[in-house]
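**Student:** What follows is a single structure, and I will ask about it in a moment.
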Amino acid sequence: MESRKPTEVVKDVVDAAAEKVSHLMAPEVPGAPGSAPPTVDEPTTPHDPLPPKREQGAPETRTPTGAVTGAPAVANGQQGAFLTTSQGARLRDTDHSLKAGARGPTLLQDHHFREKITHFDHERIPERVVHARGAGAHGVFTGYGAQEVTRAGFLRKGKETPVFVRFSTVLGSRGSADTVRDTRGFATKFYTDEGTFDLVGNNMPVFFIQDAIKFPDIIHAGKPHPDREIPQAQSAHDTFWDFVSLHTEAQHHTMWNMSDRGIPRSYRTMEGFGVHTFRLVNEAGATVLAKFHWKPKLGVHSLEWEEAQLLAGMDPDFHRRDLYDAIEAGAYPEWELGLQVFPDTPEETFAGIDLLDPTKIVPEELAPVQPVGKLVLNRTPTNFFAETEQVAFHLGHLVPGIDVTNDPLLQGRLFSYVDTQLTRLGGPNFAQIPINRPHAPVNDMLRDGFHQHAVHAGVAPYRPNSLDGGNPFPAGDAENAFLDVPVTVAEAPKVRANPASFDDHFSQARLFWLSMSPVEREHIVRAYTFELGKCYHQAIRERQLQCLANIDPVLCAEVATGLGLPTPEPTVPLADVTPSPALSQVGRTWPADGRTVGIVVDAGADADGVSRVCREVSAAGMVPLVIAAHGGTVDGLTVQRTFATGRSVELDLLLLAGAPAPAPDARPARDAKAGAADATVVDPRVLLLVQECWRHAKVIGAWGDGVRVLELAGVVGAAGVVAGDSPADVLADAQALLAAHRVWERFPASVA
């Protein structure tokens, strides 16, 4: 049977599909699976595997010891046109077991059945204890130059380094929702030519605990209750608040979680932080202390709380879908890597702040973030399990020029991140998995073990040796060897204790609160009230209110009112702190790359005007979604969402080009969103779109008959609602408002 090249098959399939849809005017919407549209009939002409989609990447083909193979990335995937066993023997059939007659028992000799079922039974590996729910992407990092503070080669000006980034929630299991209130992981693997460097951070710059020995405690408290295994992926329950209200060093991180930072709009609109203080070494051997920051090109933006809850049900994959769709659409996510740099003094403090305390920040007004490079994510994984699930990060993956400090949380993580891979990835050779393979020569004297992929030569994996000619040889300064900085350790007894500087648990939580805008404070009050309101035990609510009283009396009073409890008096003096405007997300404008624009149409809409709007939206780097009563087309416009399948929560901007009458399926028996359809001249699901966008502070625009929908919804003239005769003018005004993310002034805040 003749086998065809996959490129020929793809071209034929794409050409056929293009011919069928050439009359449609809507731009392509990202997210479709597969690198070519499927045919209606089952394909029967053998051909090699189809290539990955154009936006997909894969680990560079390296040997287990870091050598370049020269093979294409697809060489790691399946090969050939025909079905085989795992050993390469071609198979005629995989739909039927080998039986003693058509109605007889399955035979033990059916080696294909046993291989297929046995492998399936062992496909799952243990999920991560934390950060189980994640999404990853490939990209490139370009250094700006930082030689004055570090010798790390990947930060040299113009140096390009391939990277893999994994974003994640912390508490939820692999199948939990993306939009829960939680801290997000932001881990980056730099494949440098000096070895792999892992920057294992979060979207919040502090942590709940100061010492790693407490890590099992905070995670046990935050995870589902061990008796019922509920609630999933959330902190609104008794055990979490029991712990953080007793272990008050957690109050600062808890405040960040209760802020809008806990419900980000997108991975693309998150800051990232290295959390800890690191020690940097330059070529001359001089050292400084530093904190790592990721600054997103699109700004820092969040969801509205009701919006986050709706998304958890409507699209639990919202964040990973957003990331992959943006990359596929060419709206590549970007961040700048920055450093806060501090003198390396014996005290390891700056402006009175202990740099070894992971529950503290240094405000950017005191130590500005200095950009040292740019990260661009431009490829999605080819295989989620092989890449995103098997990638292994470790804070001890360091390169020359970057060293650790005595931060007690960092010190414990240095142990835990290697230890956890031994079970999760099946042994000590996890660095040989393709996604983890270094892009530098490896000569480590580590041998054997489960899943050993290297074929090591020689007879002397020890030092010193003469049988292998002395190889491997120690490197020195001339060979750019890693340097463990010889920091003097003060004479002290062995103790289980923290320094006195770690005792301040409330001042920085107060600093964060006072740095928020009024609307952000409203959201924090709502979050505390919601979460504590979910606790069963009043004693826990009262204890946490006491913590809030020690942070700020206004915050405490507002939450107490919501809980129906008296407001306690503080037990410690309120800290005298200077707010840090850099901590607020509100008040600036940003690019709208990758945002989603919904356009409601009906048969009476101006199809040419809508087509022009779609093209302008696409040209601006955003994604247009035409929304109508039914699928297919409306006046030549391809419909991407119907009133039944669409919901406001996937939109950043809503445009109304028509006033659709109630559709035949606008009945509660068919679609509960329809409500009392007979009572309105406009499909009630369109009114619901408007009402949800309005209360989530989103920009809304309308022209033509669409203005009538605004009138029926009662939102004409409201802040952030644009009406006009020209589609182009309405879009331009709406885009200008979208640059601020949301129209928060629509709802004046009551918390000053």
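A note on labels: chains of the structure tokens are A, B, ... as shown, every chain counts residues from 1, and ligands are counted from 1 in their shown order.
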If you count only C-alpha atoms, which residues fall within 8 Å of stretch 613-625 of chain A, apart from same-chain ones fewer than 6 positions away, as a PDB file with C-alpha atoms, in the first residue's frame?

**Tutor:**
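Output (around_31.pdb):
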ATOM      1  CA  ALA A  26     -14.603  35.864   9.784  1.00  0.00           C
ATOM      2  CA  PRO A  27     -10.934  35.480  10.783  1.00  0.00           C
ATOM      3  CA  VAL A  29     -10.360  31.656  15.889  1.00  0.00           C
ATOM      4  CA  ALA A 329      -2.987  33.813  17.513  1.00  0.00           C
ATOM      5  CA  GLY A 330       0.508  35.336  17.546  1.00  0.00           C
ATOM      6  CA  ALA A 331      -0.144  37.487  20.629  1.00  0.00           C
ATOM      7  CA  ALA A 592      -4.893  44.751  24.951  1.00  0.00           C
ATOM      8  CA  ASP A 593      -3.071  41.995  23.046  1.00  0.00           C
ATOM      9  CA  GLY A 594      -4.916  38.686  23.100  1.00  0.00           C
ATOM     10  CA  ARG A 595      -8.122  40.106  24.585  1.00  0.00           C
ATOM     11  CA  THR A 596     -11.436  38.597  23.461  1.00  0.00           C
ATOM     12  CA  VAL A 597     -14.120  40.765  21.867  1.00  0.00           C
ATOM     13  CA  GLY A 598     -17.674  39.440  21.574  1.00  0.00           C
ATOM     14  CA  ILE A 599     -19.851  40.883  18.784  1.00  0.00           C
ATOM     15  CA  VAL A 639     -20.652  32.438  14.044  1.00  0.00           C
ATOM     16  CA  GLN A 640     -18.186  31.348  16.739  1.00  0.00           C
ATOM     17  CA  ARG A 641     -20.562  31.388  19.703  1.00  0.00           C
ATOM     18  CA  PRO A 727     -19.008  50.733  14.208  1.00  0.00           C
ATOM     19  CA  ALA A 728     -15.458  52.045  13.758  1.00  0.00           C
ATOM     20  CA  LEU A 731     -14.751  50.235  18.538  1.00  0.00           C
TER      21      LEU A 731
END

**Student:** Using DSSP on the backbone coordinates, identify all residues within stretch 62-198 of chain A classified as helix (DSSP H, G or I); present the result as an NGL selection string.

**Tutor:** :A and (73-76 or 111-121 or 153-155)

**Student:** List as a PyMOL selection string the protein and nucleic acid residues near stretch 433-450 of chain A, meaning an atom at most 9 Å away when only C-alpha atoms are counted, but skip any in the same chain fewer than 4 places from it.

**Tutor:** chain A and resi 58-68+76+164+189+191-196+386-388+390-393+426-429+454+456+460-463+471-472

**Student:** Could you check how far atom CA of A:Ala661 sits from atom CA of A:Ser726, in Å to one decimal?

**Tutor:**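 Rounded to one decimal, the two atoms are 22.2 Å apart.
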
**Student:** Which polymer residues have any atom within 7 Å of an atom of stretch 209-222 of chain A, counting only C-alpha atoms, with same-chain residues fewer than 3 positions away left out, as a ChimeraX atom specification?

**Tutor:** /A:171,235,239-240,243,249-250,357-359,408-409,412-413

**Student:** When DSSP works through the backbone of this structure, what residues of stretch 465-649 of chain A end up as strand (DSSP E), shown as a list in words?

**Tutor:**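 Restricting stretch 465-649 of chain A to strand (DSSP E) produces Thr596, Val597, Gly598, Ile599, Val600, Val623, Pro624, Leu625, Val626, Ile627, Ala628, Thr633, Val634, Leu637, Thr638, Arg641 and Thr642 of chain A.
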
**Student:** With C-alpha atoms retained, export the selected residues as a PDB file, in the first residue's frame.

**Tutor:**
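Saved file part25.pdb follows:
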ATOM      1  CA  THR A 596     -11.436  38.597  23.461  1.00  0.00           C
ATOM      2  CA  VAL A 597     -14.120  40.765  21.867  1.00  0.00           C
ATOM      3  CA  GLY A 598     -17.674  39.440  21.574  1.00  0.00           C
ATOM      4  CA  ILE A 599     -19.851  40.883  18.784  1.00  0.00           C
ATOM      5  CA  VAL A 600     -23.595  40.153  18.958  1.00  0.00           C
ATOM      6  CA  VAL A 623      -9.673  37.839  19.056  1.00  0.00           C
ATOM      7  CA  PRO A 624     -13.168  38.602  17.677  1.00  0.00           C
ATOM      8  CA  LEU A 625     -16.013  36.196  18.432  1.00  0.00           C
ATOM      9  CA  VAL A 626     -19.242  36.623  16.473  1.00  0.00           C
ATOM     10  CA  ILE A 627     -22.206  35.692  18.684  1.00  0.00           C
ATOM     11  CA  ALA A 628     -25.634  34.879  17.248  1.00  0.00           C
ATOM     12  CA  THR A 633     -23.392  31.835   9.359  1.00  0.00           C
ATOM     13  CA  VAL A 634     -25.500  34.988   9.590  1.00  0.00           C
ATOM     14  CA  LEU A 637     -20.561  36.079   8.971  1.00  0.00           C
ATOM     15  CA  THR A 638     -19.160  32.943  10.579  1.00  0.00           C
ATOM     16  CA  ARG A 641     -20.562  31.388  19.703  1.00  0.00           C
ATOM     17  CA  THR A 642     -24.319  31.007  20.038  1.00  0.00           C
TER      18      THR A 642
END

**Student:** Which of these, A:Ser35, A:Thr85, A:Gln691, A:Gln546, has the shortest distance to A:Thr567 once you count only C-alpha atoms?

**Tutor:**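 So, comparing all the options, the nearest one is A:Gln546.
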
**Student:** Could you check the closest approach to A:Gly88 for each of A:Val376, A:Asp407, A:Ala286, A:His112 and tell me which residue wins, using only C-alpha atoms?

**Tutor:** A:His112
